[in-house]
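**Student:** Contents of my_file.csv (CSV, C-alpha atoms and all ligand atoms):
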chain,number,residue,atom,x,y,z
A,27,MET,CA,-10.3,-6.8,4.0
A,28,LYS,CA,-12.8,-4.0,3.9
A,29,TYR,CA,-11.7,-0.3,3.9
A,30,GLU,CA,-12.7,3.2,4.9
A,31,THR,CA,-11.8,6.1,2.7
A,32,ILE,CA,-11.9,9.7,4.0
A,33,HIS,CA,-10.3,12.8,2.5
A,34,ASN,CA,-8.4,10.6,0.0
A,35,VAL,CA,-6.9,8.5,2.9
A,36,THR,CA,-7.8,4.8,2.8
A,37,LEU,CA,-7.5,2.6,5.9
A,38,PRO,CA,-8.3,-1.0,6.4
A,39,LYS,CA,-11.2,-1.8,8.7
A,40,ILE,CA,-8.9,-3.9,10.9
A,41,GLY,CA,-5.3,-3.0,11.7
A,42,PHE,CA,-2.8,-4.2,14.3
A,43,GLY,CA,-2.2,-2.7,17.7
A,44,THR,CA,1.2,-2.7,19.3
A,45,TRP,CA,0.6,-2.1,23.0
A,46,GLN,CA,2.7,-4.8,24.7
A,47,ILE,CA,4.9,-5.3,21.7
A,48,GLY,CA,8.4,-5.2,23.2
A,49,GLY,CA,7.2,-4.6,26.7
A,50,GLU,CA,4.5,-2.5,28.5
A,51,SER,CA,5.5,0.9,29.7
A,52,THR,CA,9.2,-0.1,29.7
A,53,PRO,CA,11.1,-2.4,27.3
A,54,ASN,CA,11.1,-6.0,28.2
A,55,PRO,CA,13.8,-7.8,26.1
A,56,ASP,CA,12.3,-11.2,27.0
A,57,TRP,CA,9.3,-10.3,24.8
A,58,ASP,CA,11.3,-9.3,21.7
A,59,SER,CA,11.2,-12.6,20.1
A,60,LYS,CA,7.4,-13.2,20.5
A,61,SER,CA,6.8,-9.5,19.5
A,62,LEU,CA,8.8,-9.8,16.3
A,63,SER,CA,7.0,-13.1,15.5
A,64,ALA,CA,3.6,-11.4,16.0
A,65,LEU,CA,4.5,-8.5,13.8
A,66,SER,CA,5.9,-10.8,11.1
A,67,ALA,CA,2.8,-12.9,11.2
A,68,ALA,CA,0.6,-9.8,10.9
A,69,LEU,CA,2.7,-8.5,7.9
A,70,GLU,CA,2.5,-11.9,6.2
A,71,ILE,CA,-1.2,-12.2,6.7
A,72,GLY,CA,-1.7,-8.9,5.1
A,73,TYR,CA,-2.3,-6.3,7.8
A,74,THR,CA,-1.4,-2.9,6.4
A,75,HIS,CA,-2.3,-0.6,9.3
A,76,PHE,CA,0.0,-0.7,12.4
A,77,ASP,CA,-0.8,1.4,15.4
A,78,THR,CA,2.1,2.3,17.7
A,79,ALA,CA,3.2,5.2,20.1
A,80,GLU,CA,6.3,6.7,21.6
A,81,MET,CA,4.9,5.6,24.9
A,82,TYR,CA,4.7,1.8,24.1
A,83,ALA,CA,7.6,0.1,25.8
A,84,SER,CA,9.2,3.6,25.9
A,85,GLY,CA,9.7,3.5,22.1
A,86,HIS,CA,10.8,-0.1,21.8
A,87,ALA,CA,7.5,-1.0,20.1
A,88,GLU,CA,8.4,1.4,17.3
A,89,GLU,CA,11.9,0.0,17.0
A,90,LEU,CA,10.5,-3.6,16.7
A,91,LEU,CA,7.8,-2.5,14.3
A,92,GLY,CA,10.4,-0.9,12.0
A,93,LYS,CA,12.7,-3.9,12.3
A,94,ALA,CA,9.8,-6.3,11.4
A,95,VAL,CA,8.9,-4.2,8.3
A,96,ARG,CA,12.5,-4.1,7.1
A,97,SER,CA,12.9,-7.8,7.4
A,98,SER,CA,9.6,-8.5,5.6
A,99,GLN,CA,8.9,-8.6,1.9
A,100,VAL,CA,6.4,-5.7,2.4
A,101,LYS,CA,7.3,-2.3,1.0
A,102,ARG,CA,7.0,0.6,3.5
A,103,GLU,CA,4.9,2.6,1.0
A,104,THR,CA,2.1,0.0,1.1
A,105,LEU,CA,1.7,0.3,4.8
A,106,PHE,CA,-0.1,2.8,7.0
A,107,ILE,CA,1.8,3.6,10.2
A,108,THR,CA,0.2,5.4,13.0
A,109,SER,CA,2.2,6.7,16.0
A,110,LYS,CA,1.3,9.0,18.9
A,111,ILE,CA,2.9,11.8,20.8
A,112,SER,CA,2.7,11.6,24.6
A,113,PRO,CA,0.9,14.2,26.6
A,114,GLU,CA,4.1,15.4,28.3
A,115,HIS,CA,5.6,16.4,24.9
A,116,LEU,CA,2.8,18.6,23.6
A,117,ASN,CA,4.7,21.9,23.7
A,118,TYR,CA,6.0,23.3,20.5
A,119,ASP,CA,9.7,22.2,20.7
A,120,ASP,CA,9.1,18.8,22.2
A,121,ALA,CA,6.6,17.9,19.5
A,122,PHE,CA,9.3,18.1,16.9
A,123,LYS,CA,11.7,16.1,19.1
A,124,SER,CA,9.1,13.4,19.8
A,125,CYS,CA,8.3,13.0,16.1
A,126,GLU,CA,12.0,12.9,15.1
A,127,LYS,CA,12.7,10.2,17.8
A,128,SER,CA,9.7,8.1,16.6
A,129,LEU,CA,10.9,8.3,13.0
A,130,ARG,CA,14.5,7.4,14.1
A,131,ARG,CA,13.2,4.4,16.1
A,132,LEU,CA,11.0,3.2,13.2
A,133,GLN,CA,13.8,4.0,10.7
A,134,MET,CA,11.2,5.6,8.5
A,135,ASP,CA,11.0,9.0,6.8
A,136,TYR,CA,7.4,9.7,7.7
A,137,VAL,CA,4.4,8.4,9.6
A,138,ASP,CA,1.1,8.2,7.9
A,139,LEU,CA,-0.8,9.4,10.9
A,140,TYR,CA,0.3,11.1,14.1
A,141,LEU,CA,-2.0,11.4,17.0
A,142,ILE,CA,-2.1,13.3,20.3
A,143,HIS,CA,-2.2,10.2,22.6
A,144,TRP,CA,-4.5,11.7,25.2
A,145,PRO,CA,-5.3,15.2,26.4
A,146,GLU,CA,-3.5,16.8,29.2
A,147,ARG,CA,-5.1,19.3,31.6
A,148,ARG,CA,-2.5,22.0,31.0
A,149,MET,CA,-1.9,21.5,27.3
A,150,LYS,CA,-2.1,24.4,24.9
A,151,LEU,CA,-3.7,22.9,21.9
A,152,GLU,CA,-3.0,25.9,19.8
A,153,GLU,CA,0.7,25.6,20.3
A,154,THR,CA,0.7,21.8,19.8
A,155,PHE,CA,-1.2,22.1,16.5
A,156,ARG,CA,1.2,24.8,15.3
A,157,ALA,CA,3.9,22.2,15.6
A,158,LEU,CA,1.9,19.4,14.2
A,159,ASN,CA,0.8,21.4,11.2
A,160,LYS,CA,4.4,22.2,10.5
A,161,LEU,CA,5.3,18.5,10.7
A,162,VAL,CA,2.7,17.9,8.0
A,163,ARG,CA,4.1,20.7,5.9
A,164,ASP,CA,7.6,19.3,6.3
A,165,GLY,CA,6.4,15.8,5.1
A,166,LYS,CA,7.3,14.1,8.4
A,167,VAL,CA,3.7,13.3,9.1
A,168,LYS,CA,1.1,12.7,6.4
A,169,ASN,CA,-2.1,13.1,8.5
A,170,LEU,CA,-3.1,14.2,11.9
A,171,GLY,CA,-5.6,12.9,14.5
A,172,VAL,CA,-6.3,12.7,18.2
A,173,SER,CA,-7.0,10.1,20.8
A,174,ASN,CA,-9.3,10.0,23.9
A,175,PHE,CA,-10.7,13.5,23.0
A,176,ASN,CA,-14.1,14.5,24.0
A,177,LEU,CA,-16.5,16.4,21.7
A,178,LYS,CA,-15.3,19.9,22.9
A,179,LEU,CA,-11.6,19.0,22.4
A,180,LEU,CA,-12.3,17.3,19.1
A,181,LYS,CA,-14.0,20.4,17.7
A,182,GLN,CA,-11.2,22.6,19.0
A,183,SER,CA,-8.7,20.3,17.2
A,184,GLN,CA,-10.6,20.5,13.9
A,185,ALA,CA,-10.5,24.3,14.1
A,186,LEU,CA,-6.7,24.4,14.8
A,187,CYS,CA,-5.6,21.6,12.3
A,188,GLU,CA,-4.7,22.8,8.8
A,189,THR,CA,-5.6,19.4,7.4
A,190,PRO,CA,-8.7,17.3,8.2
A,191,ILE,CA,-8.6,15.4,11.5
A,192,ILE,CA,-8.5,11.8,10.2
A,193,THR,CA,-9.4,10.0,13.4
A,194,ASN,CA,-10.3,10.1,17.1
A,195,GLN,CA,-8.9,6.9,18.6
A,196,ILE,CA,-11.1,5.9,21.5
A,197,PRO,CA,-12.1,3.0,23.8
A,198,TYR,CA,-15.0,1.4,22.0
A,199,ARG,CA,-16.1,-2.2,22.3
A,200,LEU,CA,-19.3,-4.2,22.8
A,201,PRO,CA,-19.7,-3.4,26.5
A,202,ASP,CA,-18.3,0.1,26.4
A,203,HIS,CA,-20.5,2.7,24.9
A,204,SER,CA,-19.1,5.7,26.8
A,205,TYR,CA,-18.1,7.5,23.5
A,206,ILE,CA,-21.6,6.9,22.1
A,207,GLU,CA,-23.1,8.4,25.2
A,208,ASN,CA,-20.8,11.5,25.1
A,209,GLY,CA,-21.8,12.1,21.4
A,210,VAL,CA,-18.3,11.5,19.9
A,211,VAL,CA,-19.1,8.5,17.8
A,212,GLU,CA,-22.1,10.1,16.1
A,213,TYR,CA,-20.2,13.4,15.6
A,214,CYS,CA,-17.3,11.5,13.9
A,215,GLN,CA,-19.7,9.6,11.7
A,216,GLN,CA,-21.4,12.7,10.6
A,217,ASN,CA,-18.3,14.8,10.1
A,218,ASN,CA,-16.0,12.4,8.1
A,219,ILE,CA,-13.7,11.5,11.0
A,220,LEU,CA,-12.8,7.9,11.5
A,221,VAL,CA,-13.5,6.3,14.9
A,222,THR,CA,-10.6,4.0,15.7
A,223,ALA,CA,-11.9,1.6,18.3
A,224,TYR,CA,-9.1,0.5,20.7
A,225,SER,CA,-9.0,-2.4,23.1
A,226,PRO,CA,-11.9,-3.9,21.0
A,227,VAL,CA,-11.7,-7.4,22.5
A,228,LYS,CA,-10.4,-6.7,25.9
A,229,PHE,CA,-13.3,-7.4,28.2
A,230,ARG,CA,-14.0,-10.0,30.9
A,231,SER,CA,-17.5,-11.0,29.7
A,232,MET,CA,-16.2,-11.9,26.1
A,233,ARG,CA,-16.3,-15.6,26.6
A,234,VAL,CA,-19.5,-15.8,28.6
A,235,ASN,CA,-22.0,-13.4,27.1
A,236,LYS,CA,-25.0,-15.5,25.9
A,237,THR,CA,-25.9,-13.4,22.8
A,238,LEU,CA,-22.3,-13.1,21.6
A,239,GLY,CA,-21.9,-16.9,22.1
A,240,GLU,CA,-25.1,-17.7,20.1
A,241,ILE,CA,-24.2,-15.4,17.2
A,242,ALA,CA,-20.6,-16.6,17.1
A,243,LYS,CA,-21.9,-20.2,16.9
A,244,ALA,CA,-24.3,-19.3,14.0
A,245,TYR,CA,-21.3,-18.0,12.0
A,246,SER,CA,-18.9,-20.7,13.0
A,247,ALA,CA,-16.8,-17.8,14.3
A,248,THR,CA,-15.2,-17.0,17.7
A,249,PRO,CA,-16.8,-14.4,20.0
A,250,PHE,CA,-13.7,-12.3,19.4
A,251,GLN,CA,-14.4,-12.2,15.7
A,252,ILE,CA,-18.0,-11.3,16.2
A,253,ALA,CA,-17.0,-8.5,18.6
A,254,LEU,CA,-14.7,-7.1,15.9
A,255,ALA,CA,-17.3,-7.6,13.2
A,256,TRP,CA,-19.8,-5.6,15.3
A,257,LEU,CA,-17.5,-2.7,15.4
A,258,VAL,CA,-16.4,-2.6,11.7
A,259,MET,CA,-19.9,-3.1,10.4
A,260,GLN,CA,-20.5,0.4,11.6
A,261,PRO,CA,-19.8,3.2,9.2
A,262,ARG,CA,-16.6,5.2,9.8
A,263,VAL,CA,-15.5,2.7,12.5
A,264,ILE,CA,-12.1,0.9,12.2
A,265,THR,CA,-10.3,-1.1,14.8
A,266,ILE,CA,-6.8,-2.3,15.9
A,267,PRO,CA,-6.8,-5.5,17.9
A,268,MET,CA,-3.5,-6.8,19.2
A,269,SER,CA,-2.4,-10.4,19.7
A,270,PHE,CA,0.8,-12.4,20.1
A,271,ASN,CA,-0.9,-15.5,18.8
A,272,PRO,CA,-0.7,-16.2,15.0
A,273,GLN,CA,-4.0,-17.9,15.0
A,274,HIS,CA,-5.7,-15.0,16.7
A,275,ILE,CA,-3.9,-12.6,14.4
A,276,LYS,CA,-5.4,-14.4,11.4
A,277,GLU,CA,-8.9,-14.7,13.0
A,278,ASN,CA,-9.0,-11.0,13.8
A,279,PHE,CA,-8.0,-10.1,10.2
A,280,ASP,CA,-10.7,-12.4,8.8
A,281,ALA,CA,-13.4,-10.9,11.0
A,282,ALA,CA,-13.7,-8.0,8.6
A,283,GLU,CA,-15.4,-10.4,6.2
A,284,ILE,CA,-18.3,-11.3,8.6
A,285,SER,CA,-21.6,-9.5,7.7
A,286,LEU,CA,-23.9,-9.3,10.6
A,287,THR,CA,-27.6,-8.5,10.1
A,288,THR,CA,-29.3,-5.4,11.4
A,289,ASP,CA,-31.1,-7.5,14.0
A,290,GLU,CA,-27.8,-9.1,15.1
A,291,MET,CA,-26.1,-5.7,15.3
A,292,SER,CA,-28.8,-4.4,17.7
A,293,ARG,CA,-29.0,-7.6,19.7
A,294,LEU,CA,-25.3,-7.4,20.3
A,295,GLY,CA,-25.4,-3.6,21.0
A,296,ASN,CA,-28.0,-4.3,23.7
A,297,ALA,CA,-26.5,-7.4,25.2
A,298,TRP,CA,-24.5,-5.7,28.0
A,299,ASN,CA,-25.7,-3.9,31.1
A,300,LYS,CA,-24.4,-0.4,31.7
A,301,GLY,CA,-21.1,-0.5,33.6
A,302,ASP,CA,-20.5,-4.2,32.7
A,303,LYS,CA,-17.3,-3.6,30.8
A,401,LIG,N1,-5.0,5.4,22.2
A,401,LIG,C1,-5.0,4.8,23.4
A,401,LIG,O1,-5.1,5.4,24.5
A,401,LIG,C2,-5.0,3.3,23.4
A,401,LIG,C3,-5.2,2.6,24.6
A,401,LIG,C4,-5.2,1.2,24.5
A,401,LIG,C5,-4.9,0.6,23.4
A,401,LIG,N2,-4.6,1.3,22.2
A,401,LIG,C6,-4.2,0.6,21.0
A,401,LIG,O2,-5.2,-0.4,20.7
A,401,LIG,C7,-4.6,-1.7,20.5
A,401,LIG,C8,-5.6,-2.8,20.9
A,401,LIG,O3,-5.9,-2.6,22.3
A,401,LIG,P1,-5.4,-3.6,23.4
A,401,LIG,O4,-4.1,-4.2,23.0
A,401,LIG,O5,-5.5,-2.8,24.7
A,401,LIG,O6,-6.6,-4.7,23.5
A,401,LIG,P2,-7.2,-5.7,22.5
A,401,LIG,O7,-6.5,-5.8,21.2
A,401,LIG,O8,-8.7,-5.5,22.6
A,401,LIG,O9,-6.9,-7.1,23.4
A,401,LIG,C9,-5.7,-7.7,23.4
A,401,LIG,C10,-5.8,-9.0,24.2
A,401,LIG,O10,-6.8,-9.8,23.6
A,401,LIG,C11,-6.3,-11.1,23.2
A,401,LIG,N3,-6.8,-11.4,21.9
A,401,LIG,C12,-6.8,-10.6,20.8
A,401,LIG,N4,-7.4,-11.3,19.7
A,401,LIG,C13,-7.8,-12.4,20.2
A,401,LIG,C14,-8.5,-13.5,19.6
A,401,LIG,N5,-8.9,-13.5,18.4
A,401,LIG,N6,-8.8,-14.6,20.4
A,401,LIG,C15,-8.5,-14.7,21.7
A,401,LIG,N7,-7.8,-13.6,22.3
A,401,LIG,C16,-7.5,-12.6,21.6
A,401,LIG,C17,-4.8,-11.0,23.2
A,401,LIG,O11,-4.2,-12.1,23.7
A,401,LIG,P3,-3.4,-13.1,22.8
A,401,LIG,O12,-2.0,-12.5,22.6
A,401,LIG,O13,-3.3,-14.4,23.6
A,401,LIG,O14,-4.1,-13.3,21.5
A,401,LIG,C18,-4.5,-9.8,24.2
A,401,LIG,O15,-4.4,-10.3,25.5
A,401,LIG,C19,-3.3,-1.6,21.3
A,401,LIG,O16,-2.4,-2.6,21.0
A,401,LIG,C20,-2.9,-0.2,21.0
A,401,LIG,O17,-2.2,-0.1,19.7
A,401,LIG,C21,-4.6,2.6,22.2
Starting from the file, give its structure as structure tokens.
**Tutor:**
Amino acid sequence: MKYETIHNVTLPKIGFGTWQIGGESTPNPDWDSKSLSALSAALEIGYTHFDTAEMYASGHAEELLGKAVRSSQVKRETLFITSKISPEHLNYDDAFKSCEKSLRRLQMDYVDLYLIHWPERRMKLEETFRALNKLVRDGKVKNLGVSNFNLKLLKQSQALCETPIITNQIPYRLPDHSYIENGVVEYCQQNNILVTAYSPVKFRSMRVNKTLGEIAKAYSATPFQIALAWLVMQPRVITIPMSFNPQHIKENFDAAEISLTTDEMSRLGNAWNKGDK
């Protein structure tokens, strides 16, 4: 595995996402077994960064993640757990309640990183960061970050956060360059903020794009692995693919070892037409 270190925080280039673990927006008990198997496989393979949120399966993803960690051989301190506060809980009092509930569901004393899941039109960022800063001072949260924030909101967050903003978690994948176009990726790279690319392999043209197929063949890799390698070859970019399939979970983890050439990086970057996501 390759890593990124910023502000004394080290994160693996490839972590594990938990959207759909335990359900989608509500819990789905029928998915518990496959969800726990996927989490156990990820822990066994050596994933150390797990990305979850209070919103995922209405908190059930956090419950299952905590359960999988407790029943594994892995020590909590060796893991990096990210969770997120939902936009409807961004006022001062609710922020504490959300964090407490997440910790209770995870059965953990702290999360390593706590993100604002996405911005809300009426949010008062100053009030939210007053609560988030206190959560850091109280040791419930080790680091803070944001998700789906544009440049203006990201800069506002930096000004309000008492500790460095560790990441902006954004949609970023081969065919989706919207956060390059809006300047966020470059700003993060120049200002020591990690870009956490979400939904890195979720796109329709994955299996049929000619350039991706050719490069995958040359590396005896899958197109999914090349799509992940393209992201994590970029400085300050990490990613968090999700899968229920143990073989995919392993392939995604191994993708960090693939070294693409500069020419392959730019061929891939130019292999999609605008809007073809
Ligand atoms: N901050 C936000 O607003 C936000 C939004 C969306 C997602 N996220 C986070 O980002 C994580 C990843 O995004 P995502 O779950 O939307 O999409 P994703 O990880 O890009 O794609 C997941 C899908 O791709 C398939 N897949 C994964 N690896 C594969 C491989 N090697 N070969 C073949 N198929 C593969 C999975 O199916 P199989 O199970 O069959 O492998 C699954 O259907 C989420 O779980 C969540 O933690 C955050």
**Student:** Which one of A:Lys276, A:Asn159, A:Ala67, A:Thr193 sits closest to Cys214 in chain A if you count all atoms listed in the file?
**Tutor:**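 Residue with the minimum atom-to-atom distance to Cys214 in chain A: A:Thr193.
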**Student:** Between A:Arg262, A:Lys39, A:Lys123, A:His274, single out the one closest to Val227 in chain A, counting only C-alpha atoms.
**Tutor:**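 The closest residue to Val227 in chain A is A:His274.
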**Student:** Residues within 7 Å of ligand LIG 401 (chain A) (all atoms listed in the file), as a VMD selection string?
**Tutor:** chain A and resid 42 to 46 77 to 78 143 to 144 173 to 174 195 to 197 224 to 228 250 to 251 266 to 271 274 to 275 277 to 278
**Student:** One number please: CA of Pro53 in chain A to CA of Ile40 in chain A, in Å, one decimal.
**Tutor:**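 According to the coordinates, CA of Pro53 in chain A and CA of Ile40 in chain A are separated by 25.9 Å.
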**Student:** As an exercise, work out the distance from CA of Ala281 in chain A to CA of Ile252 in chain A in Å and give it to one decimal place.
**Tutor:**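 We find that CA of Ala281 in chain A and CA of Ile252 in chain A lie 7.0 Å from each other.
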**Student:** Excluding range 207-211 of chain A and residues on its chain fewer than 4 positions from it, collect all residues at most 8 Å away from it, counting only C-alpha atoms, and give them as a list in words.
**Tutor:** Asn176, Leu177, His203, Gln215 and Val221 of chain A
**Student:** Hey, can you check how far CA of Ser112 in chain A sits from CA of Glu146 in chain A?
**Tutor:**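 Spanning CA of Ser112 in chain A to CA of Glu146 in chain A is a straight-line distance of 9.3 Å.
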**Student:** Near Thr189 in chain A, counting only C-alpha atoms, which residues have an atom at most 9 Å away, once you skip same-chain residues fewer than 5 positions from it, shown as an MDAnalysis selection string?
**Tutor:** chainID A and resid 159 162 169:170 184
**Student:** Counting all atoms listed in the file, figure out which residue out of A:Pro261, A:Thr154, A:Lys160, A:Ser231 gets nearest to Glu212 in chain A.
**Tutor:**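 Checking each candidate against Glu212 in chain A, we get A:Pro261 as the closest.
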**Student:** Which residue out of A:Lys93, A:Arg131, A:Arg293, A:Lys28 has the minimum interatomic distance to Leu238 in chain A when all atoms listed in the file are used?
**Tutor:** A:Arg293
**Student:** Between A:Phe106, A:Tyr82, A:Tyr73, A:Tyr29, single out the one closest to Thr52 in chain A, counting all atoms listed in the file.
**Tutor:** A:Tyr82
**Student:** Excluding Gln133 in chain A and any residue of its chain fewer than 2 positions from it, enumerate the residues within 9 Å of it, using all atoms listed in the file, and give them as a PyMOL selection string.
**Tutor:** chain A and resi 88-89+92-93+96+128-131+135
**Student:** Do you know which residues are at most 10 Å from Ile241 in chain A counting only C-alpha atoms, after dropping those on the same chain fewer than 3 positions away, and could you put them as a list in words?
**Tutor:**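 Skipping anything fewer than 3 positions along the chain leaves Lys236, Thr237, Leu238, Ala244, Tyr245, Ser246, Ala247, Thr248, Pro249, Ile252, Leu286, Glu290, Arg293 and Leu294 of chain A.
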**Student:** Could you list, as a list in words, every residue within 6 Å of Tyr140 in chain A, counting only C-alpha atoms and ignoring same-chain residues fewer than 4 positions away?
**Tutor:**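 Here the qualifying residues turn out to be Thr108, Ser109, Lys110 and Leu170 of chain A.
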**Student:** Please save C-alpha atoms of the selected residues as an mmCIF file, in the frame of the given file.
**Tutor:**
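again.cif, freshly written:
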data_model
loop_
_atom_site.group_PDB
_atom_site.id
_atom_site.type_symbol
_atom_site.label_atom_id
_atom_site.label_comp_id
_atom_site.auth_asym_id
_atom_site.auth_seq_id
_atom_site.Cartn_x
_atom_site.Cartn_y
_atom_site.Cartn_z
ATOM 1 C CA THR A 108 0.200 5.400 13.000
ATOM 2 C CA SER A 109 2.200 6.700 16.000
ATOM 3 C CA LYS A 110 1.300 9.000 18.900
ATOM 4 C CA LEU A 170 -3.100 14.200 11.900
#
